[in-house]
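J.: Sending over start34.txt (compact mmCIF, C-alpha atoms).
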```txt
# COMPACT_ATOMS: atom_id res chain seq x y z
CA MET A 1 0.00 0.00 0.00
CA LEU A 2 1.36 3.42 -1.01
CA VAL A 3 0.42 6.73 0.61
CA LEU A 4 1.35 9.52 -1.82
CA ARG A 5 0.54 12.34 0.56
CA LYS A 6 2.73 13.88 3.23
CA LEU A 7 0.73 13.12 6.35
CA GLU A 8 1.51 13.93 9.93
CA PRO A 9 2.67 10.86 11.92
CA ALA A 10 -0.58 10.48 13.87
CA LEU A 11 -2.69 10.17 10.71
CA LEU A 12 -0.21 7.83 9.06
CA GLY A 13 -0.28 5.77 12.25
CA ARG A 14 -4.06 5.42 12.00
CA ILE A 15 -3.75 4.14 8.43
CA ARG A 16 -1.05 1.64 9.38
CA ALA A 17 -3.11 0.41 12.32
CA ALA A 18 -6.08 -0.28 10.03
CA ALA A 19 -4.02 -1.87 7.24
CA HIS A 20 -3.62 -5.33 8.75
CA GLY A 21 -1.51 -7.47 6.44
CA PHE A 22 -0.29 -4.57 4.32
CA GLU A 23 3.19 -3.15 4.05
CA VAL A 24 2.46 0.58 4.10
CA LEU A 25 5.01 2.75 2.29
CA ALA A 26 4.61 6.50 2.55
CA ILE A 27 6.07 9.39 0.62
CA ALA A 28 6.48 11.15 3.97
CA ASP A 29 9.00 8.46 4.97
CA GLY A 30 10.88 8.57 1.68
CA THR A 31 10.47 4.81 1.32
CA ILE A 32 8.72 4.59 -2.07
CA GLU A 33 10.77 3.36 -5.02
CA ASP A 34 9.68 2.94 -8.64
CA ARG A 35 9.25 -0.82 -8.22
CA HIS A 36 6.75 -0.26 -5.43
CA TYR A 37 4.26 1.35 -7.83
CA LYS A 38 4.13 -1.92 -9.77
CA GLU A 39 3.73 -3.97 -6.58
CA ALA A 40 1.09 -1.82 -4.90
CA GLU A 41 -2.37 -3.27 -4.39
CA LEU A 42 -3.71 0.04 -3.03
CA ILE A 43 -2.58 3.60 -3.76
CA CYS A 44 -3.82 6.52 -1.65
CA GLY A 45 -3.38 9.71 -3.64
CA TRP A 46 -2.21 9.87 -7.24
CA SER A 47 0.64 11.27 -9.32
CA ALA A 48 2.11 11.26 -12.80
CA LYS A 49 4.53 8.56 -11.70
CA ALA A 50 1.70 6.41 -10.39
CA GLU A 51 -0.09 6.73 -13.72
CA GLN A 52 3.09 5.84 -15.58
CA LEU A 53 4.08 2.83 -13.49
CA ALA A 54 1.03 1.41 -11.70
CA LEU A 55 -1.25 0.91 -14.69
CA THR A 56 1.12 -1.06 -16.91
CA PRO A 57 0.43 -4.76 -17.65
CA GLY A 58 1.32 -7.11 -14.84
CA THR A 59 0.99 -4.64 -11.98
CA GLU A 60 -0.93 -5.47 -8.80
CA LEU A 61 -3.13 -2.37 -8.46
CA ARG A 62 -6.63 -3.17 -7.24
CA TRP A 63 -7.84 0.02 -5.60
CA ILE A 64 -7.15 3.77 -5.84
CA GLN A 65 -8.20 6.25 -3.14
CA THR A 66 -7.94 9.82 -4.47
CA TRP A 67 -7.23 12.82 -2.25
CA GLY A 68 -9.87 15.00 -3.91
CA ALA A 69 -13.50 14.77 -4.95
CA GLY A 70 -13.05 15.56 -8.65
CA ILE A 71 -11.76 12.65 -10.73
CA GLU A 72 -11.94 14.02 -14.28
CA GLN A 73 -8.13 14.29 -14.44
CA MET A 74 -7.71 10.62 -13.56
CA PRO A 75 -7.02 8.00 -16.29
CA LEU A 76 -10.60 6.80 -16.06
CA ALA A 77 -10.60 4.66 -19.19
CA ALA A 78 -7.61 2.63 -17.99
CA ILE A 79 -9.05 2.33 -14.49
CA LYS A 80 -12.36 1.09 -15.83
CA GLU A 81 -10.73 -1.29 -18.33
CA ARG A 82 -8.68 -2.92 -15.57
CA ASP A 83 -11.67 -3.05 -13.20
CA ILE A 84 -9.82 -1.10 -10.50
CA TRP A 85 -11.90 0.19 -7.60
CA LEU A 86 -11.89 3.98 -7.32
CA THR A 87 -12.89 5.86 -4.17
CA ASN A 88 -12.69 9.62 -3.78
CA ALA A 89 -12.71 12.24 -1.03
CA SER A 90 -16.31 13.36 -1.42
CA GLY A 91 -17.69 14.57 1.89
CA VAL A 92 -14.45 16.26 2.94
CA HIS A 93 -15.40 19.59 1.41
CA PRO A 94 -18.92 20.64 2.48
CA TYR A 95 -17.92 22.77 5.49
CA PRO A 96 -15.03 24.80 4.01
CA ILE A 97 -16.61 25.22 0.59
CA SER A 98 -20.06 26.15 1.88
CA GLU A 99 -18.41 28.70 4.18
CA THR A 100 -16.63 30.19 1.17
CA VAL A 101 -19.91 30.33 -0.78
CA PHE A 102 -21.48 32.38 1.98
CA ALA A 103 -18.37 34.52 2.37
CA MET A 104 -18.75 35.49 -1.30
CA LEU A 105 -22.53 35.79 -1.07
CA LEU A 106 -22.42 38.13 1.93
CA ALA A 107 -19.53 40.13 0.49
CA PHE A 108 -21.59 40.79 -2.64
CA THR A 109 -24.80 41.48 -0.77
CA ARG A 110 -23.23 43.89 1.74
CA GLY A 111 -20.75 45.42 -0.69
CA LEU A 112 -17.68 44.22 1.22
CA HIS A 113 -15.83 43.37 -1.99
CA LEU A 114 -16.12 47.03 -2.99
CA SER A 115 -15.08 48.27 0.44
CA ILE A 116 -11.96 46.10 0.27
CA ARG A 117 -11.10 47.56 -3.13
CA ASN A 118 -11.60 51.07 -1.73
CA GLN A 119 -9.40 50.23 1.25
CA SER A 120 -6.55 49.09 -1.00
CA GLN A 121 -6.77 52.51 -2.69
CA ARG A 122 -7.07 54.37 0.66
CA ARG A 123 -10.50 55.68 -0.29
CA TRP A 124 -13.03 56.31 2.52
CA GLU A 125 -16.10 55.87 0.35
CA PRO A 126 -19.41 54.31 1.47
CA VAL A 127 -20.92 51.61 -0.72
CA GLN A 128 -24.37 52.90 -1.53
CA THR A 129 -26.08 49.83 -3.00
CA GLN A 130 -26.35 47.19 -0.28
CA GLY A 131 -28.92 44.44 -0.19
CA GLU A 132 -29.92 41.76 2.28
CA ALA A 133 -29.59 38.01 1.99
CA HIS A 134 -32.48 37.19 4.30
CA GLY A 135 -35.62 36.00 2.55
CA ARG A 136 -34.01 35.74 -0.89
CA THR A 137 -34.08 32.80 -3.30
CA MET A 138 -31.09 30.59 -4.03
CA ALA A 139 -30.59 28.07 -6.81
CA VAL A 140 -28.18 25.22 -6.12
CA LEU A 141 -26.92 23.53 -9.29
CA GLY A 142 -25.81 20.04 -8.37
CA VAL A 143 -27.20 19.01 -5.00
CA GLY A 144 -24.58 16.60 -3.70
CA GLU A 145 -22.79 16.75 -0.36
CA ILE A 146 -21.64 20.34 -0.86
CA GLY A 147 -24.92 21.49 -2.38
CA ARG A 148 -26.89 20.10 0.56
CA GLU A 149 -24.73 21.96 3.07
CA VAL A 150 -25.10 25.19 1.08
CA ALA A 151 -28.88 24.67 1.12
CA ARG A 152 -28.85 24.01 4.87
CA LEU A 153 -27.01 27.26 5.56
CA ALA A 154 -29.35 29.14 3.23
CA LYS A 155 -32.25 28.11 5.44
CA ALA A 156 -30.65 30.00 8.35
CA PHE A 157 -31.23 33.13 6.26
CA GLY A 158 -34.85 32.20 5.59
CA MET A 159 -34.14 31.61 1.92
CA THR A 160 -36.20 29.67 -0.57
CA VAL A 161 -33.89 27.03 -2.03
CA LEU A 162 -34.38 25.62 -5.52
CA GLY A 163 -32.26 22.66 -6.56
CA LEU A 164 -31.10 21.15 -9.83
CA ARG A 165 -29.84 17.60 -10.08
CA LYS A 166 -29.79 15.05 -12.87
CA SER A 167 -31.99 12.56 -11.04
CA GLY A 168 -34.54 15.15 -9.93
CA GLU A 169 -34.71 13.36 -6.57
CA PRO A 170 -35.74 15.61 -3.64
CA ALA A 171 -33.23 16.57 -0.97
CA GLU A 172 -33.42 17.93 2.55
CA TYR A 173 -33.40 21.76 2.78
CA VAL A 174 -34.36 22.08 -0.91
CA ASP A 175 -37.87 23.42 -1.39
CA ARG A 176 -38.22 22.36 -5.03
CA MET A 177 -35.97 20.08 -7.04
CA GLN A 178 -35.73 20.19 -10.82
CA THR A 179 -33.75 18.35 -13.45
CA TYR A 180 -31.96 19.35 -16.64
CA GLY A 181 -34.35 20.93 -19.11
CA GLU A 182 -36.43 22.49 -16.30
CA GLU A 183 -33.97 25.22 -15.37
CA ARG A 184 -35.78 28.31 -16.67
CA GLU A 185 -37.94 28.91 -13.58
CA LEU A 186 -35.03 28.18 -11.27
CA LEU A 187 -32.67 30.61 -13.02
CA SER A 188 -35.18 33.38 -13.61
CA THR A 189 -36.36 33.58 -9.99
CA SER A 190 -33.13 33.13 -8.03
CA ASP A 191 -31.12 35.95 -6.49
CA TYR A 192 -28.11 33.68 -6.03
CA ILE A 193 -27.07 30.84 -8.34
CA VAL A 194 -24.52 28.49 -6.76
CA ASN A 195 -22.84 26.03 -9.12
CA CYS A 196 -21.75 22.80 -7.41
CA LEU A 197 -21.77 20.66 -10.57
CA PRO A 198 -19.31 17.86 -11.35
CA MET A 199 -17.49 17.83 -14.68
CA THR A 200 -19.02 15.37 -17.15
CA ALA A 201 -19.71 15.34 -20.87
CA GLU A 202 -23.25 16.45 -20.04
CA THR A 203 -22.24 19.40 -17.84
CA LYS A 204 -19.43 20.86 -19.98
CA HIS A 205 -20.36 24.53 -20.62
CA LEU A 206 -23.83 23.79 -19.27
CA VAL A 207 -23.84 27.26 -17.72
CA GLY A 208 -23.42 29.21 -20.94
CA LYS A 209 -24.95 32.06 -22.89
CA ASP A 210 -28.50 30.66 -22.84
CA TRP A 211 -28.42 30.05 -19.09
CA PHE A 212 -27.01 33.49 -18.29
CA ALA A 213 -29.76 35.00 -20.46
CA MET A 214 -32.37 33.22 -18.32
CA MET A 215 -30.93 34.45 -15.02
CA LYS A 216 -32.78 37.04 -13.00
CA PRO A 217 -31.38 40.53 -13.64
CA GLY A 218 -29.19 41.51 -10.71
CA ALA A 219 -28.47 37.91 -9.67
CA PHE A 220 -25.10 36.80 -8.35
CA TYR A 221 -23.40 33.70 -9.78
CA ILE A 222 -21.03 31.68 -7.61
CA ASN A 223 -19.09 28.76 -9.10
CA ILE A 224 -17.41 26.30 -6.76
CA GLY A 225 -18.17 23.38 -9.10
CA ARG A 226 -15.74 22.30 -11.79
CA GLY A 227 -14.35 25.04 -14.04
CA GLY A 228 -15.45 23.50 -17.33
CA THR A 229 -19.12 23.58 -16.36
CA THR A 230 -19.10 27.35 -16.99
CA ASP A 231 -18.47 29.00 -20.35
CA THR A 232 -16.09 31.74 -19.20
CA ASP A 233 -16.64 33.85 -22.33
CA ALA A 234 -20.40 33.78 -21.79
CA LEU A 235 -19.90 34.71 -18.14
CA LEU A 236 -17.72 37.65 -19.10
CA GLU A 237 -20.35 38.83 -21.58
CA ALA A 238 -23.11 38.57 -18.94
CA LEU A 239 -21.04 40.66 -16.53
CA ARG A 240 -20.15 43.30 -19.10
CA ASP A 241 -23.77 43.61 -20.22
CA GLY A 242 -24.95 43.94 -16.63
CA ARG A 243 -27.11 40.86 -17.09
CA ILE A 244 -25.90 39.61 -13.70
CA ALA A 245 -24.63 41.73 -10.81
CA GLY A 246 -21.51 39.77 -9.95
CA ALA A 247 -19.66 36.47 -9.92
CA GLY A 248 -17.64 34.60 -7.33
CA LEU A 249 -15.29 32.13 -8.96
CA ASP A 250 -13.10 29.43 -7.49
CA VAL A 251 -12.21 27.55 -10.67
CA PHE A 252 -11.89 28.26 -14.37
CA GLU A 253 -11.95 26.22 -17.53
CA GLN A 254 -8.19 26.69 -17.89
CA GLU A 255 -6.12 27.37 -14.83
CA PRO A 256 -4.36 29.51 -13.94
CA LEU A 257 -6.36 32.44 -15.29
CA PRO A 258 -4.01 34.56 -17.45
CA ALA A 259 -2.78 37.74 -15.74
CA ASP A 260 -4.24 39.90 -18.51
CA HIS A 261 -7.72 38.33 -18.36
CA PRO A 262 -10.39 41.03 -17.88
CA LEU A 263 -12.04 39.17 -15.00
CA TRP A 264 -9.19 40.20 -12.68
CA ALA A 265 -10.08 43.88 -12.93
CA MET A 266 -13.87 43.65 -12.89
CA GLU A 267 -15.49 45.31 -9.90
CA GLY A 268 -18.26 42.76 -9.55
CA VAL A 269 -16.00 39.70 -9.42
CA ILE A 270 -14.39 37.83 -6.52
CA LEU A 271 -11.65 35.37 -7.46
CA THR A 272 -10.36 32.67 -5.10
CA PRO A 273 -8.23 30.51 -7.38
CA HIS A 274 -9.16 26.94 -6.47
CA HIS A 275 -8.65 27.01 -2.72
CA THR A 276 -12.16 26.89 -1.30
CA GLY A 277 -11.76 23.24 -0.31
CA ILE A 278 -8.53 23.78 1.61
CA THR A 279 -8.89 23.39 5.35
CA THR A 280 -6.79 22.36 8.33
CA GLU A 281 -9.17 19.41 8.74
CA TYR A 282 -8.70 18.07 5.19
CA ASN A 283 -6.17 15.28 5.78
CA ARG A 284 -7.98 14.08 8.90
CA ARG A 285 -11.25 13.72 6.99
CA VAL A 286 -9.64 11.87 4.08
CA THR A 287 -7.92 9.58 6.59
CA ASP A 288 -11.33 8.81 8.11
CA ILE A 289 -12.51 7.64 4.67
CA ILE A 290 -9.39 5.55 4.08
CA VAL A 291 -9.57 3.88 7.49
CA ALA A 292 -13.27 3.02 7.12
CA ASN A 293 -12.65 1.43 3.73
CA LEU A 294 -9.50 -0.33 4.90
CA GLU A 295 -11.31 -1.91 7.83
CA ALA A 296 -13.80 -3.40 5.39
CA TYR A 297 -11.16 -4.44 2.87
CA VAL A 298 -8.97 -6.38 5.30
CA GLN A 299 -12.09 -8.30 6.34
CA GLY A 300 -12.67 -9.40 2.76
CA ARG A 301 -15.33 -6.81 1.86
CA GLU A 302 -15.16 -4.25 -0.93
CA PRO A 303 -14.51 -0.58 -0.07
CA SER A 304 -17.86 1.17 -0.12
CA VAL A 305 -17.34 4.70 1.23
CA ASN A 306 -17.29 7.07 -1.76
CA ARG A 307 -17.04 4.23 -4.27
CA ILE A 308 -17.27 5.63 -7.81
CA PRO A 309 -19.69 3.55 -9.93
CA SER A 310 -17.91 2.23 -13.00
CA ASP A 311 -20.92 2.97 -15.19
CA ARG A 312 -20.70 6.75 -14.72
CA MET A 313 -17.21 7.46 -13.31
CA TYR A 314 -17.91 10.75 -11.53
```
What would you get if you wrote out this structure as structure tokens?
T.:
Amino acid sequence: MLVLRKLEPALLGRIRAAAHGFEVLAIADGTIEDRHYKEAELICGWSAKAEQLALTPGTELRWIQTWGAGIEQMPLAAIKERDIWLTNASGVHPYPISETVFAMLLAFTRGLHLSIRNQSQRRWEPVQTQGEAHGRTMAVLGVGEIGREVARLAKAFGMTVLGLRKSGEPAEYVDRMQTYGEERELLSTSDYIVNCLPMTAETKHLVGKDWFAMMKPGAFYINIGRGGTTDTDALLEALRDGRIAGAGLDVFEQEPLPADHPLWAMEGVILTPHHTGITTEYNRRVTDIIVANLEAYVQGREPSVNRIPSDRMY
């Protein structure tokens, strides 16, 4: 078993204690050699070297545990072809990411993003147009673990929460759930649109020109889903035309965003380049997932926590 993440000794100790029968080699100990990638039955984390060495014919790899929730950068075709189990870190992010969503939302609503800009220019200038979040309507695109936590927090503000998910299945804290093709009412009535969508062939550029045109004038768009779900050019056009009031963005279609991109200078934009999921609790929560799955695996059962179905691979 390889652990390709520099973990503090206590967390690595928990993994070793659960991995009965495994030799656990960790990058933190400097004990991993190239040959170990070919011998590993389980790899926690991933790297270019792992992809190069662990997926070749004759290797022992049976299970990959990723350190993030998104898996679109993984070699999914090879993983599926070799029938390798894939588990991710879904469930680690709801608290830090939902907190960032509301940090952006409240900054926009209360004009704090403008006050911060004024402060950097040493300008003592009140922000005249300030709204209130209480009693507003929020749309959550992609109601998974993160989307549910965003919806739960929205209820503390007395918001109406509209959800969008592929299955259309209802969810706690969501007043009305809709599916793809039913988004017009959701977009046209929401004051805040929060994108929590995964990246799939179906969601690529899903939030594009047509969707921005359907959004309620003056709405705020916050994307903490995958970058490719938003057409950045269409977003820029919606901002320039005043179709929407502002955008909070954690990820982009192509990262990093070029230094000369106009989004950097736009007054109604908050940029937090892909760090909303970072938290001091991250490694502990991923370790919890690994340990739970390891305890099942060493008893002859398949890992089930955050198992990615091979028929959809997201």
J.: Please identify every residue of segment 165-234 of chain A that has at least one atom no farther than 12 Å from an atom of segment 107-116 of chain A, counting only C-alpha atoms, and for each give the shortest atom pair and the distance in Å to one decimal, arranged by chain then increasing number, as CSV.
T.:
```
residue,atom,partner,partner_atom,distance
A:Asp191,CA,A:Thr109,CA,10.2
A:Tyr192,CA,A:Thr109,CA,10.0
A:Gly218,CA,A:Thr109,CA,10.9
A:Ala219,CA,A:Phe108,CA,10.2
A:Phe220,CA,A:Phe108,CA,7.8
A:Tyr221,CA,A:Phe108,CA,10.2
A:Ile222,CA,A:Phe108,CA,10.4
```
J.: Would you write out those residues with C-alpha atoms, as a PDB file, in the frame of the given file?
T.:
```pdb
ATOM      1  CA  ASP A 191     -31.120  35.950  -6.490  1.00  0.00           C
ATOM      2  CA  TYR A 192     -28.110  33.680  -6.030  1.00  0.00           C
ATOM      3  CA  GLY A 218     -29.190  41.510 -10.710  1.00  0.00           C
ATOM      4  CA  ALA A 219     -28.470  37.910  -9.670  1.00  0.00           C
ATOM      5  CA  PHE A 220     -25.100  36.800  -8.350  1.00  0.00           C
ATOM      6  CA  TYR A 221     -23.400  33.700  -9.780  1.00  0.00           C
ATOM      7  CA  ILE A 222     -21.030  31.680  -7.610  1.00  0.00           C
TER       8      ILE A 222
END
```
J.: How many Å separate atom CA of Gln119 of chain A from atom CA of His261 of chain A?
T.: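 One can read the atom CA of Gln119 of chain A to atom CA of His261 of chain A distance as 23.0 Å.
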J.: Can you work out which one of A:Leu197, A:His134, A:Ala69, A:Gln178 has the shortest atom-to-atom distance to Asn88 of chain A, counting only C-alpha atoms?
T.: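 Answer, going by the shortest atom-to-atom distance: A:Ala69.
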J.: How many Å lie between atom CA of Met266 of chain A and atom CA of Phe252 of chain A, rounded to one decimal?
T.: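 Atom CA of Phe252 of chain A lies 15.6 Å from atom CA of Met266 of chain A.
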J.: Can you tell me which residues surround Thr229 of chain A at a distance of at most 12 Å, considering all atoms listed in the file, apart from same-chain residues fewer than 6 positions away, and format the answer as a list of chain:residue names?
T.: A:Leu141, A:Gly142, A:Asn195, A:Cys196, A:Leu197, A:Pro198, A:Met199, A:Thr200, A:Ala201, A:Glu202, A:Thr203, A:Lys204, A:His205, A:Leu206, A:Val207, A:Gly208, A:Trp211, A:Asn223, A:Leu235, A:Leu249, A:Val251, A:Phe252, A:Glu253, A:Gln254
J.: Write out as a list in words the residues lying within 10 Å of Pro309 of chain A, counting all atoms listed in the file and excluding same-chain residues fewer than 6 positions away.
T.: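 In the requested form, the answer reads Lys80, Trp85, Leu86 and Thr87 of chain A.
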J.: Just the residues within 12 Å of His275 of chain A, please, counting all atoms listed in the file, with nothing from its chain fewer than 5 positions along; format it as a VMD selection string.
T.: chain A and resid 93 96 to 97 100 to 101 224 249 to 251 282
J.: So, counting all atoms listed in the file, which residue among A:Gly242, A:Arg176, A:Gly248, A:Arg284 is closest to Met104 of chain A?
T.: A:Gly248
J.: Could you work out how far atom CA of Asp29 of chain A lies from atom CA of Ile290 of chain A, giving the answer in Å with one decimal?
T.: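 Taking atom CA of Ile290 of chain A as the start and atom CA of Asp29 of chain A as the end point, the length is 18.6 Å.
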J.: Which neighbours of Ser47 of chain A fall inside 10 Å, counting all atoms listed in the file, when residues of the same chain fewer than 6 positions from it are skipped, and could you give them as a count of residues only?
T.: 4
J.: So, counting all atoms listed in the file, which residue among A:Val291, A:Ser98, A:Met1, A:Gly30 is closest to Leu61 of chain A?
T.: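 Of A:Val291, A:Ser98, A:Met1, A:Gly30, the one nearest Leu61 of chain A is A:Met1, counting all atoms listed in the file.
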J.: Hey, what's within 8 Å of Pro217 of chain A if we count all atoms listed in the file and toss same-chain stuff fewer than 6 positions away? As a list in words, please?
T.: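 The residues satisfying every condition are Gly242, Arg243, Ile244 and Ala245 of chain A.
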J.: Hey, which of A:Ile308, A:Ala89, A:Val24, A:Ala133 ends up closest to Gly277 of chain A? Count only C-alpha atoms.
T.: A:Ala89
J.: Between A:Gly158, A:Gly144, A:Gly58, A:Gly246, which has the minimum distance to Glu172 of chain A (counting only C-alpha atoms)?
T.: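 With only C-alpha atoms as the atom set, the closest residue is A:Gly144.
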J.: Would you mind telling me which residue in A:Lys155, A:Lys49, A:Arg226, A:Arg82 lies nearest to His36 of chain A when using only C-alpha atoms?
T.: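 Once distances to His36 of chain A are computed over only C-alpha atoms, the minimum belongs to A:Lys49.
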J.: Could you give me the axis-aligned bounding box of segment 9-14 of chain A, with 3 Å of padding per side, as centre plus edge lengths in Å to one decimal, as JSON?
T.:
```
{"center_x": -0.7, "center_y": 8.1, "center_z": 11.5, "size_x": 12.7, "size_y": 11.4, "size_z": 10.8}
```
J.: Would you mind completing segment 276-285 of chain A so that it carries all heavy atoms, and writing it out as a compact mmCIF listing (two decimals), keeping the file's coordinate frame?
T.:
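And here is the file that came out, out-v3.txt:
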```txt
# COMPACT_ATOMS: atom_id res chain seq x y z
N THR A 276 -11.04 26.91 -2.23
CA THR A 276 -12.16 26.89 -1.30
C THR A 276 -12.24 25.60 -0.49
O THR A 276 -12.80 25.57 0.59
CB THR A 276 -13.50 27.09 -2.03
OG1 THR A 276 -13.67 26.04 -2.98
CG2 THR A 276 -13.55 28.42 -2.75
N GLY A 277 -11.69 24.51 -1.02
CA GLY A 277 -11.76 23.24 -0.31
C GLY A 277 -10.63 23.03 0.68
O GLY A 277 -10.62 22.05 1.42
N ILE A 278 -9.67 23.94 0.71
CA ILE A 278 -8.53 23.78 1.61
C ILE A 278 -8.94 24.09 3.04
O ILE A 278 -9.58 25.10 3.31
CB ILE A 278 -7.37 24.71 1.17
CG1 ILE A 278 -6.87 24.30 -0.22
CG2 ILE A 278 -6.23 24.65 2.17
CD1 ILE A 278 -5.84 25.24 -0.80
N THR A 279 -8.57 23.21 3.95
CA THR A 279 -8.89 23.39 5.35
C THR A 279 -7.88 22.62 6.20
O THR A 279 -7.30 21.62 5.73
CB THR A 279 -10.31 22.88 5.67
OG1 THR A 279 -10.50 22.85 7.09
CG2 THR A 279 -10.57 21.50 5.11
N THR A 280 -7.69 23.06 7.42
CA THR A 280 -6.79 22.36 8.33
C THR A 280 -7.30 20.96 8.67
O THR A 280 -6.53 20.12 9.15
CB THR A 280 -6.63 23.17 9.64
OG1 THR A 280 -7.94 23.43 10.18
CG2 THR A 280 -5.92 24.48 9.38
N GLU A 281 -8.58 20.70 8.41
CA GLU A 281 -9.17 19.41 8.74
C GLU A 281 -9.15 18.43 7.56
O GLU A 281 -9.63 17.30 7.68
CB GLU A 281 -10.63 19.59 9.19
CG GLU A 281 -10.78 20.47 10.41
CD GLU A 281 -10.07 19.89 11.61
OE1 GLU A 281 -10.24 18.68 11.87
OE2 GLU A 281 -9.32 20.63 12.27
N TYR A 282 -8.59 18.85 6.43
CA TYR A 282 -8.70 18.07 5.19
C TYR A 282 -8.10 16.66 5.34
O TYR A 282 -8.78 15.65 5.09
CB TYR A 282 -8.00 18.81 4.05
CG TYR A 282 -8.37 18.30 2.68
CD1 TYR A 282 -9.26 19.01 1.88
CD2 TYR A 282 -7.85 17.11 2.16
CE1 TYR A 282 -9.62 18.55 0.62
CE2 TYR A 282 -8.20 16.64 0.93
CZ TYR A 282 -9.09 17.37 0.15
OH TYR A 282 -9.44 16.91 -1.08
N ASN A 283 -6.83 16.59 5.72
CA ASN A 283 -6.17 15.28 5.78
C ASN A 283 -6.83 14.35 6.79
O ASN A 283 -6.91 13.14 6.58
CB ASN A 283 -4.69 15.46 6.11
CG ASN A 283 -3.89 15.97 4.93
OD1 ASN A 283 -4.32 15.87 3.78
ND2 ASN A 283 -2.72 16.51 5.20
N ARG A 284 -7.30 14.91 7.90
CA ARG A 284 -7.98 14.08 8.90
C ARG A 284 -9.24 13.46 8.31
O ARG A 284 -9.52 12.26 8.52
CB ARG A 284 -8.34 14.90 10.13
CG ARG A 284 -9.10 14.07 11.19
CD ARG A 284 -9.61 14.92 12.33
NE ARG A 284 -10.58 15.92 11.90
CZ ARG A 284 -11.86 15.66 11.62
NH1 ARG A 284 -12.31 14.41 11.67
NH2 ARG A 284 -12.67 16.62 11.26
N ARG A 285 -10.00 14.24 7.56
CA ARG A 285 -11.25 13.72 6.99
C ARG A 285 -10.99 12.67 5.91
O ARG A 285 -11.72 11.69 5.81
CB ARG A 285 -12.09 14.88 6.45
CG ARG A 285 -12.66 15.76 7.56
CD ARG A 285 -13.42 16.95 7.02
NE ARG A 285 -13.92 17.78 8.11
CZ ARG A 285 -14.07 19.10 8.04
NH1 ARG A 285 -13.78 19.74 6.92
NH2 ARG A 285 -14.52 19.77 9.07
```
